[in-house]
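Worksheet: the structure to be examined is printed underneath.
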Number of protein chains: 2
Amino acid sequence: MTQVEAKEFRELCAACGIAVTHQRQVLFEVLKSTPGHPSPEEVYSSVKKQIPSISLATVYKNIRLFLNSGIFREVSLHHGSLRVEMNRRPHHHLVCTVCKSISDIDEEELGPMRSPGKLPGGFFAERFSIDVLGRCAACQQIPPDGDEPDDLN
Amino acid sequence: MTQVEAKEFRELCAACGIAVTHQRQVLFEVLKSTPGHPSPEEVYSSVKKQIPSISLATVYKNIRLFLNSGIFREVSLHHGSLRVEMNRRPHHHLVCTVCKSISDIDEEELGPMRSPGKLPGGFFAERFSIDVLGRCAACQQIPPDGDEPDDLN
DNA sequence: TTGACAGACGATAATAATTATCGTCTCCTG
DNA sequence: CAGGAGACGATAATTATTATCGTCTGTCAA
């Protein structure tokens, strides 16, 4: 795996225009080989086994770099602060990837859903929450990435 | 609205066994009448117009109380820290409401999806991200609320 | 090889978001 | 009217994350 993965990583870095360093290589491999969605602290302690001198800031910095480069994604694109759901009707969310606004859409408007019940793996589904990622009407002109419109909601 | 809403609020509080106070009443009404999903700071500044002496801590405390009582919900049930998505295949998330673990489920396993395109309101949908909320296999015995199992993902 | 620069690192300070603590106040109950 | 429970507000404390800064390393030209 070191062989192939190292190659993959070098190519990814080249494509994104970022430098290949030992720390980044190890971080990348830890991320790829860790099941689930570990917190930065957990990632830090794994990476530390291989590079005891690494700092938490480096882990954050490079995770953020990977995210910005599109190598990985964030699990939740929601705002980083507590948001309350006041809408009592069944609905889902339209999340604009440009201005980060979140608006509601009624469940019926989005179309039919599958119903609750067992899923493979023994998980019992009670309810579905859908984030529709895309661009709000106001952000469709702007090319990807621009961060200006402050369409807070 | 004061009449009917106040009554509604008093009944909700009675049902949840929490006290009715002026601060909570105002907070409740601000939450209900604010479109979108305001941050605690935004809520605070709205409430402040009616109760200038209120403190931010009271806002947080009571929002948390409302959430715990089930009067409102959180928009995102994800962990409060940065999580990275390493899985490159199209997939969605199984979020256990008891132990808060998040695991992946492949898109095909979940069934057919609707495809990208325009939605009502002019929003352009690029991709769908589904959180299936429910109980993981390990948490199905436990009655609602128990917080013990530490099935970290 | 040397000199010099760019970018990466690690330590640490600084922010931001949220929660806990604590003394005070208020309202109900007896 | 006294006593107690719970609510408030101020503020300290935590947690999560980002910024700053001095140092180090690897690369390229001379």
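Identifiers in the structure tokens: chain A, B, ... in order shown; residue index from 1 per chain; ligand index from 1 in order shown.
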
Residues of chain C within 12 Å of chain B, using only C-alpha atoms (C1' of nucleotides), as number ranges by chain? C: 16-21, 26-27

Taking 5 positions as the minimum chain separation for residues in the same chain, which residues sit within 12 Å of A:Glu109 when counting only C-alpha atoms (C1' of nucleotides)? Answer as a short mmCIF file (atom, residue, chain, number, x, y, z; two decimals) with C-alpha atoms, in the first residue's frame.
data_model
loop_
_atom_site.label_atom_id
_atom_site.label_comp_id
_atom_site.auth_asym_id
_atom_site.auth_seq_id
_atom_site.Cartn_x
_atom_site.Cartn_y
_atom_site.Cartn_z
CA PRO A 90 -41.73 17.62 7.56
CA HIS A 91 -39.18 19.34 5.41
CA HIS A 92 -35.61 19.24 4.21
CA HIS A 93 -32.84 21.73 3.56
CA LEU A 94 -31.45 23.52 0.57
CA ASP A 104 -36.31 24.90 3.97
CA LYS B 118 -33.84 22.88 -10.73
CA LEU B 119 -36.11 22.85 -7.74
CA PRO B 120 -38.99 25.17 -6.88
CA GLY B 121 -37.58 28.50 -5.84
#

I need the contact residues of chain D against chain A, so if you could list those with any atom within 12 Å, counting only C-alpha atoms (C1' of nucleotides), and return them as a count of residues only, that would help. 8

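Taking atom CA of A:Gly117 and atom CA of B:Ala125 as the two end points, the separation is 27.0 Å.
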
Contact table chain B vs chain A, cut-off 8 Å, shortest pair per residue, only C-alpha atoms, as JSON lines:
{"residue": "B:Leu31", "atom": "CA", "partner": "A:Met86", "partner_atom": "CA", "distance": 6.7}
{"residue": "B:Lys32", "atom": "CA", "partner": "A:Met86", "partner_atom": "CA", "distance": 6.0}
{"residue": "B:Pro35", "atom": "CA", "partner": "A:Asn153", "partner_atom": "CA", "distance": 7.3}
{"residue": "B:Gly36", "atom": "CA", "partner": "A:Asn153", "partner_atom": "CA", "distance": 5.1}
{"residue": "B:His37", "atom": "CA", "partner": "A:Arg83", "partner_atom": "CA", "distance": 5.6}
{"residue": "B:Pro38", "atom": "CA", "partner": "A:Arg83", "partner_atom": "CA", "distance": 6.3}
{"residue": "B:Ser39", "atom": "CA", "partner": "A:Arg83", "partner_atom": "CA", "distance": 5.6}
{"residue": "B:Pro40", "atom": "CA", "partner": "A:Leu82", "partner_atom": "CA", "distance": 6.7}
{"residue": "B:Phe72", "atom": "CA", "partner": "A:Met86", "partner_atom": "CA", "distance": 5.9}
{"residue": "B:Arg73", "atom": "CA", "partner": "A:Glu85", "partner_atom": "CA", "distance": 5.0}
{"residue": "B:Glu74", "atom": "CA", "partner": "A:Val84", "partner_atom": "CA", "distance": 4.8}
{"residue": "B:Val75", "atom": "CA", "partner": "A:Glu85", "partner_atom": "CA", "distance": 5.2}
{"residue": "B:Ser76", "atom": "CA", "partner": "A:His78", "partner_atom": "CA", "distance": 7.1}
{"residue": "B:His78", "atom": "CA", "partner": "A:Ser76", "partner_atom": "CA", "distance": 7.0}
{"residue": "B:Gly80", "atom": "CA", "partner": "A:Gly80", "partner_atom": "CA", "distance": 7.9}
{"residue": "B:Ser81", "atom": "CA", "partner": "A:Ser39", "partner_atom": "CA", "distance": 6.5}
{"residue": "B:Leu82", "atom": "CA", "partner": "A:Ser39", "partner_atom": "CA", "distance": 6.2}
{"residue": "B:Arg83", "atom": "CA", "partner": "A:Val75", "partner_atom": "CA", "distance": 5.5}
{"residue": "B:Val84", "atom": "CA", "partner": "A:Glu74", "partner_atom": "CA", "distance": 4.8}
{"residue": "B:Glu85", "atom": "CA", "partner": "A:Arg73", "partner_atom": "CA", "distance": 5.0}
{"residue": "B:Met86", "atom": "CA", "partner": "A:Phe72", "partner_atom": "CA", "distance": 5.8}
{"residue": "B:Arg88", "atom": "CA", "partner": "A:Phe72", "partner_atom": "CA", "distance": 8.0}
{"residue": "B:Leu94", "atom": "CA", "partner": "A:Phe123", "partner_atom": "CA", "distance": 7.6}
{"residue": "B:Ile102", "atom": "CA", "partner": "A:Gly36", "partner_atom": "CA", "distance": 6.9}
{"residue": "B:Ser103", "atom": "CA", "partner": "A:Gly36", "partner_atom": "CA", "distance": 6.0}
{"residue": "B:Asp104", "atom": "CA", "partner": "A:Gly36", "partner_atom": "CA", "distance": 7.4}
{"residue": "B:Glu109", "atom": "CA", "partner": "A:Pro120", "partner_atom": "CA", "distance": 7.6}
{"residue": "B:Leu110", "atom": "CA", "partner": "A:Leu119", "partner_atom": "CA", "distance": 7.9}
{"residue": "B:Leu119", "atom": "CA", "partner": "A:Leu110", "partner_atom": "CA", "distance": 7.9}
{"residue": "B:Pro120", "atom": "CA", "partner": "A:Glu109", "partner_atom": "CA", "distance": 7.6}
{"residue": "B:Gly121", "atom": "CA", "partner": "A:Ala137", "partner_atom": "CA", "distance": 7.3}
{"residue": "B:Gly122", "atom": "CA", "partner": "A:Ala137", "partner_atom": "CA", "distance": 5.1}
{"residue": "B:Phe123", "atom": "CA", "partner": "A:Cys136", "partner_atom": "CA", "distance": 4.5}
{"residue": "B:Phe124", "atom": "CA", "partner": "A:Arg135", "partner_atom": "CA", "distance": 5.2}
{"residue": "B:Ala125", "atom": "CA", "partner": "A:Gly134", "partner_atom": "CA", "distance": 4.5}
{"residue": "B:Glu126", "atom": "CA", "partner": "A:Gly134", "partner_atom": "CA", "distance": 4.7}
{"residue": "B:Arg127", "atom": "CA", "partner": "A:Leu133", "partner_atom": "CA", "distance": 5.2}
{"residue": "B:Phe128", "atom": "CA", "partner": "A:Val132", "partner_atom": "CA", "distance": 4.7}
{"residue": "B:Ser129", "atom": "CA", "partner": "A:Asp131", "partner_atom": "CA", "distance": 5.0}
{"residue": "B:Ile130", "atom": "CA", "partner": "A:Ile130", "partner_atom": "CA", "distance": 4.4}
{"residue": "B:Asp131", "atom": "CA", "partner": "A:Ser129", "partner_atom": "CA", "distance": 5.0}
{"residue": "B:Val132", "atom": "CA", "partner": "A:Phe128", "partner_atom": "CA", "distance": 4.7}
{"residue": "B:Leu133", "atom": "CA", "partner": "A:Arg127", "partner_atom": "CA", "distance": 5.2}
{"residue": "B:Gly134", "atom": "CA", "partner": "A:Ala125", "partner_atom": "CA", "distance": 4.5}
{"residue": "B:Arg135", "atom": "CA", "partner": "A:Phe124", "partner_atom": "CA", "distance": 5.2}
{"residue": "B:Cys136", "atom": "CA", "partner": "A:Phe123", "partner_atom": "CA", "distance": 4.5}
{"residue": "B:Ala137", "atom": "CA", "partner": "A:Gly122", "partner_atom": "CA", "distance": 5.0}
{"residue": "B:Gln140", "atom": "CA", "partner": "A:Phe124", "partner_atom": "CA", "distance": 7.8}
{"residue": "B:Asn153", "atom": "CA", "partner": "A:Gly36", "partner_atom": "CA", "distance": 5.1}

Overlay target chain A, mobile chain B, all C-alpha paired in order, as a short mmCIF file (atom, residue, chain, number, x, y, z; two decimals) with C-alpha atoms, in the first residue's frame:
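Once everything was written out, this is result38.cif:
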data_model
loop_
_atom_site.label_atom_id
_atom_site.label_comp_id
_atom_site.auth_asym_id
_atom_site.auth_seq_id
_atom_site.Cartn_x
_atom_site.Cartn_y
_atom_site.Cartn_z
CA MET B 1 0.04 0.13 -0.02
CA THR B 2 2.89 2.50 0.61
CA GLN B 3 3.88 2.22 -3.02
CA VAL B 4 0.56 2.74 -4.69
CA GLU B 5 -0.89 5.09 -2.11
CA ALA B 6 2.19 7.23 -2.02
CA LYS B 7 1.96 7.58 -5.76
CA GLU B 8 -1.71 8.44 -5.55
CA PHE B 9 -0.98 11.05 -2.94
CA ARG B 10 1.83 12.62 -4.93
CA GLU B 11 -0.41 12.87 -7.93
CA LEU B 12 -3.20 14.41 -5.93
CA CYS B 13 -0.82 16.99 -4.52
CA ALA B 14 0.56 17.78 -7.93
CA ALA B 15 -2.95 18.21 -9.27
CA CYS B 16 -3.83 20.57 -6.42
CA GLY B 17 -0.56 22.42 -6.48
CA ILE B 18 0.40 21.65 -2.91
CA ALA B 19 3.70 20.38 -1.64
CA VAL B 20 4.28 16.80 -0.63
CA THR B 21 5.67 16.51 2.87
CA HIS B 22 6.15 13.61 5.18
CA GLN B 23 3.54 14.95 7.63
CA ARG B 24 0.94 15.32 4.93
CA GLN B 25 1.64 11.88 3.59
CA VAL B 26 1.15 10.28 6.98
CA LEU B 27 -1.95 12.35 7.69
CA PHE B 28 -3.40 11.33 4.36
CA GLU B 29 -2.81 7.67 5.00
CA VAL B 30 -4.25 7.82 8.48
CA LEU B 31 -7.36 9.53 7.15
CA LYS B 32 -7.80 7.01 4.38
CA SER B 33 -7.32 4.03 6.61
CA THR B 34 -9.49 5.15 9.52
CA PRO B 35 -13.04 3.88 9.38
CA GLY B 36 -15.86 6.26 10.24
CA HIS B 37 -15.35 9.96 10.75
CA PRO B 38 -12.72 10.61 13.38
CA SER B 39 -12.42 13.93 15.13
CA PRO B 40 -9.28 16.01 14.63
CA GLU B 41 -8.09 14.96 18.08
CA GLU B 42 -8.42 11.31 17.17
CA VAL B 43 -6.60 11.84 13.93
CA TYR B 44 -3.90 13.71 15.80
CA SER B 45 -3.30 10.87 18.18
CA SER B 46 -3.05 8.36 15.34
CA VAL B 47 -0.64 10.47 13.36
CA LYS B 48 1.40 11.03 16.47
CA LYS B 49 2.25 7.35 16.63
CA GLN B 50 4.21 7.76 13.44
CA ILE B 51 5.42 11.33 13.91
CA PRO B 52 5.60 11.99 17.65
CA SER B 53 6.75 15.54 17.13
CA ILE B 54 3.76 16.63 15.04
CA SER B 55 1.55 19.34 16.44
CA LEU B 56 -2.22 19.52 16.56
CA ALA B 57 -2.10 22.78 14.63
CA THR B 58 -0.39 21.03 11.75
CA VAL B 59 -3.12 18.42 11.71
CA TYR B 60 -5.82 21.08 11.59
CA LYS B 61 -3.94 23.10 9.02
CA ASN B 62 -3.52 20.19 6.70
CA ILE B 63 -6.99 18.77 7.15
CA ARG B 64 -8.24 22.21 6.20
CA LEU B 65 -5.86 22.22 3.26
CA PHE B 66 -7.15 18.86 2.07
CA LEU B 67 -10.71 20.07 2.37
CA ASN B 68 -10.02 23.27 0.48
CA SER B 69 -8.20 21.34 -2.22
CA GLY B 70 -11.13 19.04 -2.64
CA ILE B 71 -9.14 15.97 -1.67
CA PHE B 72 -11.66 15.25 1.07
CA ARG B 73 -14.97 16.71 2.09
CA GLU B 74 -16.53 17.81 5.31
CA VAL B 75 -19.21 15.51 6.64
CA SER B 76 -21.50 18.37 7.56
CA LEU B 77 -21.67 21.51 5.49
CA HIS B 78 -23.76 23.24 8.08
CA HIS B 79 -22.72 26.34 9.87
CA GLY B 80 -20.30 25.83 12.71
CA SER B 81 -22.70 27.10 15.32
CA LEU B 82 -25.90 25.90 16.93
CA ARG B 83 -28.90 26.24 14.66
CA VAL B 84 -32.45 25.67 15.71
CA GLU B 85 -35.14 24.05 13.67
CA MET B 86 -38.35 25.98 14.19
CA ASN B 87 -40.25 24.58 11.26
CA ARG B 88 -42.50 21.84 12.64
CA ARG B 89 -43.60 20.51 9.27
CA PRO B 90 -41.71 17.67 7.61
CA HIS B 91 -39.15 19.37 5.45
CA HIS B 92 -35.58 19.25 4.22
CA HIS B 93 -32.80 21.72 3.57
CA LEU B 94 -31.40 23.50 0.58
CA VAL B 95 -27.78 24.25 1.36
CA CYS B 96 -26.02 26.67 -0.96
CA THR B 97 -22.42 25.65 -1.37
CA VAL B 98 -21.44 29.19 -2.32
CA CYS B 99 -23.02 31.43 0.28
CA LYS B 100 -23.68 28.67 2.82
CA SER B 101 -27.27 29.73 3.33
CA ILE B 102 -29.76 27.11 4.46
CA SER B 103 -33.40 27.29 3.49
CA ASP B 104 -36.24 24.91 3.96
CA ILE B 105 -38.15 22.92 1.40
CA ASP B 106 -41.29 21.01 2.24
CA GLU B 107 -41.07 17.28 2.05
CA GLU B 108 -43.74 17.02 -0.65
CA GLU B 109 -41.97 19.51 -2.86
CA LEU B 110 -38.92 17.32 -2.89
CA GLY B 111 -40.80 14.25 -3.94
CA PRO B 112 -41.50 10.81 -2.52
CA MET B 113 -39.41 9.40 0.27
CA ARG B 114 -38.75 5.90 1.34
CA SER B 115 -40.40 4.95 4.58
CA PRO B 116 -38.99 4.10 7.99
CA GLY B 117 -37.91 0.59 8.80
CA LYS B 118 -34.91 -1.69 8.99
CA LEU B 119 -31.94 -1.08 6.78
CA PRO B 120 -29.04 -3.39 5.96
CA GLY B 121 -26.80 -3.62 8.98
CA GLY B 122 -29.67 -3.72 11.43
CA PHE B 123 -30.07 0.03 11.61
CA PHE B 124 -33.62 1.10 12.34
CA ALA B 125 -34.49 4.20 10.32
CA GLU B 126 -36.93 6.55 12.00
CA ARG B 127 -36.70 9.60 9.83
CA PHE B 128 -34.79 11.00 6.88
CA SER B 129 -33.11 14.34 6.76
CA ILE B 130 -32.01 15.47 3.33
CA ASP B 131 -29.58 18.23 2.54
CA VAL B 132 -29.83 19.29 -1.05
CA LEU B 133 -26.45 20.74 -1.93
CA GLY B 134 -26.23 23.16 -4.79
CA ARG B 135 -26.62 26.80 -5.58
CA CYS B 136 -29.31 29.18 -4.52
CA ALA B 137 -30.85 31.41 -7.15
CA ALA B 138 -28.60 34.31 -6.19
CA CYS B 139 -25.38 32.33 -6.44
CA GLN B 140 -25.85 30.73 -9.83
CA GLN B 141 -24.01 33.44 -11.72
CA ILE B 142 -20.91 33.33 -9.62
CA PRO B 143 -18.26 30.79 -10.63
CA PRO B 144 -17.37 28.10 -8.08
CA ASP B 145 -15.56 29.31 -4.97
CA GLY B 146 -16.38 33.03 -4.82
CA ASP B 147 -17.43 33.82 -1.29
CA GLU B 148 -18.91 37.28 -1.53
CA PRO B 149 -22.69 37.13 -1.43
CA ASP B 150 -23.76 37.40 2.12
CA ASP B 151 -27.15 35.91 1.66
CA LEU B 152 -27.51 34.89 5.28
CA ASN B 153 -30.56 32.86 5.90
#

If you run DSSP on this backbone, which residues of chain A come out as strand (DSSP E), and could you give them as a ChimeraX atom specification? /A:73-74,84-85,91-96,102-106,117-118,124-135

Atoms kept (N, CA and C atoms) for selection, written as a PDB file, in the first residue's frame:
ATOM      1  N   ARG A  73     -13.779  15.856   1.831  1.00  0.00           N
ATOM      2  CA  ARG A  73     -14.923  16.721   2.029  1.00  0.00           C
ATOM      3  C   ARG A  73     -15.243  16.824   3.513  1.00  0.00           C
ATOM      4  N   GLU A  74     -15.987  17.835   3.882  1.00  0.00           N
ATOM      5  CA  GLU A  74     -16.490  17.855   5.241  1.00  0.00           C
ATOM      6  C   GLU A  74     -17.756  17.031   5.318  1.00  0.00           C
ATOM      7  N   VAL A  84     -31.246  26.220  15.197  1.00  0.00           N
ATOM      8  CA  VAL A  84     -32.463  25.609  15.708  1.00  0.00           C
ATOM      9  C   VAL A  84     -33.474  25.430  14.596  1.00  0.00           C
ATOM     10  N   GLU A  85     -34.139  24.329  14.647  1.00  0.00           N
ATOM     11  CA  GLU A  85     -35.154  23.980  13.677  1.00  0.00           C
ATOM     12  C   GLU A  85     -36.516  24.344  14.226  1.00  0.00           C
ATOM     13  N   HIS A  91     -39.821  18.565   6.469  1.00  0.00           N
ATOM     14  CA  HIS A  91     -39.175  19.336   5.414  1.00  0.00           C
ATOM     15  C   HIS A  91     -37.697  18.977   5.365  1.00  0.00           C
ATOM     16  N   HIS A  92     -37.036  19.497   4.362  1.00  0.00           N
ATOM     17  CA  HIS A  92     -35.607  19.242   4.208  1.00  0.00           C
ATOM     18  C   HIS A  92     -34.894  20.560   3.963  1.00  0.00           C
ATOM     19  N   HIS A  93     -33.600  20.483   3.658  1.00  0.00           N
ATOM     20  CA  HIS A  93     -32.844  21.726   3.562  1.00  0.00           C
ATOM     21  C   HIS A  93     -32.160  21.908   2.218  1.00  0.00           C
ATOM     22  N   LEU A  94     -32.216  23.133   1.747  1.00  0.00           N
ATOM     23  CA  LEU A  94     -31.455  23.516   0.569  1.00  0.00           C
ATOM     24  C   LEU A  94     -30.223  24.259   1.068  1.00  0.00           C
ATOM     25  N   VAL A  95     -29.079  23.684   0.845  1.00  0.00           N
ATOM     26  CA  VAL A  95     -27.845  24.287   1.338  1.00  0.00           C
ATOM     27  C   VAL A  95     -27.060  24.830   0.158  1.00  0.00           C
ATOM     28  N   CYS A  96     -26.873  26.128   0.138  1.00  0.00           N
ATOM     29  CA  CYS A  96     -26.126  26.729  -0.971  1.00  0.00           C
ATOM     30  C   CYS A  96     -24.637  26.599  -0.685  1.00  0.00           C
ATOM     31  N   ILE A 102     -29.000  28.325   4.358  1.00  0.00           N
ATOM     32  CA  ILE A 102     -29.831  27.130   4.472  1.00  0.00           C
ATOM     33  C   ILE A 102     -31.273  27.564   4.412  1.00  0.00           C
ATOM     34  N   SER A 103     -32.037  27.011   3.475  1.00  0.00           N
ATOM     35  CA  SER A 103     -33.466  27.303   3.513  1.00  0.00           C
ATOM     36  C   SER A 103     -34.246  25.997   3.489  1.00  0.00           C
ATOM     37  N   ASP A 104     -35.504  26.104   3.833  1.00  0.00           N
ATOM     38  CA  ASP A 104     -36.311  24.899   3.969  1.00  0.00           C
ATOM     39  C   ASP A 104     -37.051  24.580   2.688  1.00  0.00           C
ATOM     40  N   ILE A 105     -37.318  23.312   2.501  1.00  0.00           N
ATOM     41  CA  ILE A 105     -38.197  22.910   1.413  1.00  0.00           C
ATOM     42  C   ILE A 105     -39.109  21.829   1.953  1.00  0.00           C
ATOM     43  N   ASP A 106     -40.393  21.962   1.699  1.00  0.00           N
ATOM     44  CA  ASP A 106     -41.328  20.979   2.226  1.00  0.00           C
ATOM     45  C   ASP A 106     -41.069  19.604   1.642  1.00  0.00           C
ATOM     46  N   GLY A 117     -37.938   2.027   8.644  1.00  0.00           N
ATOM     47  CA  GLY A 117     -37.826   0.577   8.753  1.00  0.00           C
ATOM     48  C   GLY A 117     -36.382   0.159   8.855  1.00  0.00           C
ATOM     49  N   LYS A 118     -36.171  -1.147   8.835  1.00  0.00           N
ATOM     50  CA  LYS A 118     -34.815  -1.687   8.958  1.00  0.00           C
ATOM     51  C   LYS A 118     -34.006  -1.448   7.698  1.00  0.00           C
ATOM     52  N   PHE A 124     -32.119   0.834  12.430  1.00  0.00           N
ATOM     53  CA  PHE A 124     -33.542   1.114  12.314  1.00  0.00           C
ATOM     54  C   PHE A 124     -33.749   2.584  11.976  1.00  0.00           C
ATOM     55  N   ALA A 125     -34.258   2.832  10.766  1.00  0.00           N
ATOM     56  CA  ALA A 125     -34.435   4.205  10.291  1.00  0.00           C
ATOM     57  C   ALA A 125     -35.746   4.770  10.805  1.00  0.00           C
ATOM     58  N   GLU A 126     -35.675   5.919  11.459  1.00  0.00           N
ATOM     59  CA  GLU A 126     -36.894   6.545  11.958  1.00  0.00           C
ATOM     60  C   GLU A 126     -37.324   7.701  11.071  1.00  0.00           C
ATOM     61  N   ARG A 127     -36.315   8.382  10.518  1.00  0.00           N
ATOM     62  CA  ARG A 127     -36.656   9.601   9.789  1.00  0.00           C
ATOM     63  C   ARG A 127     -35.486   9.951   8.882  1.00  0.00           C
ATOM     64  N   PHE A 128     -35.793  10.646   7.794  1.00  0.00           N
ATOM     65  CA  PHE A 128     -34.753  11.005   6.839  1.00  0.00           C
ATOM     66  C   PHE A 128     -34.580  12.513   6.818  1.00  0.00           C
ATOM     67  N   SER A 129     -33.367  12.921   6.784  1.00  0.00           N
ATOM     68  CA  SER A 129     -33.098  14.346   6.721  1.00  0.00           C
ATOM     69  C   SER A 129     -32.200  14.586   5.516  1.00  0.00           C
ATOM     70  N   ILE A 130     -32.731  15.319   4.559  1.00  0.00           N
ATOM     71  CA  ILE A 130     -32.003  15.495   3.307  1.00  0.00           C
ATOM     72  C   ILE A 130     -31.457  16.903   3.165  1.00  0.00           C
ATOM     73  N   ASP A 131     -30.181  16.982   2.893  1.00  0.00           N
ATOM     74  CA  ASP A 131     -29.598  18.258   2.511  1.00  0.00           C
ATOM     75  C   ASP A 131     -29.421  18.249   1.011  1.00  0.00           C
ATOM     76  N   VAL A 132     -30.059  19.201   0.365  1.00  0.00           N
ATOM     77  CA  VAL A 132     -29.861  19.335  -1.068  1.00  0.00           C
ATOM     78  C   VAL A 132     -28.748  20.350  -1.251  1.00  0.00           C
ATOM     79  N   LEU A 133     -27.616  19.897  -1.780  1.00  0.00           N
ATOM     80  CA  LEU A 133     -26.491  20.799  -1.956  1.00  0.00           C
ATOM     81  C   LEU A 133     -26.511  21.347  -3.369  1.00  0.00           C
ATOM     82  N   GLY A 134     -26.283  22.631  -3.490  1.00  0.00           N
ATOM     83  CA  GLY A 134     -26.304  23.232  -4.806  1.00  0.00           C
ATOM     84  C   GLY A 134     -26.159  24.730  -4.694  1.00  0.00           C
ATOM     85  N   ARG A 135     -26.837  25.434  -5.605  1.00  0.00           N
ATOM     86  CA  ARG A 135     -26.719  26.880  -5.590  1.00  0.00           C
ATOM     87  C   ARG A 135     -28.079  27.538  -5.512  1.00  0.00           C
TER      88      ARG A 135
END

Quick check, in Å to one decimal: how far apart do atom C1' of D:DC24 and atom C1' of C:DA4 lie? 13.8 Å

Residues of chain A in alpha helix (DSSP H) according to DSSP, as a ChimeraX atom specification? /A:2-16,22-33,40-50,56-69,107-110
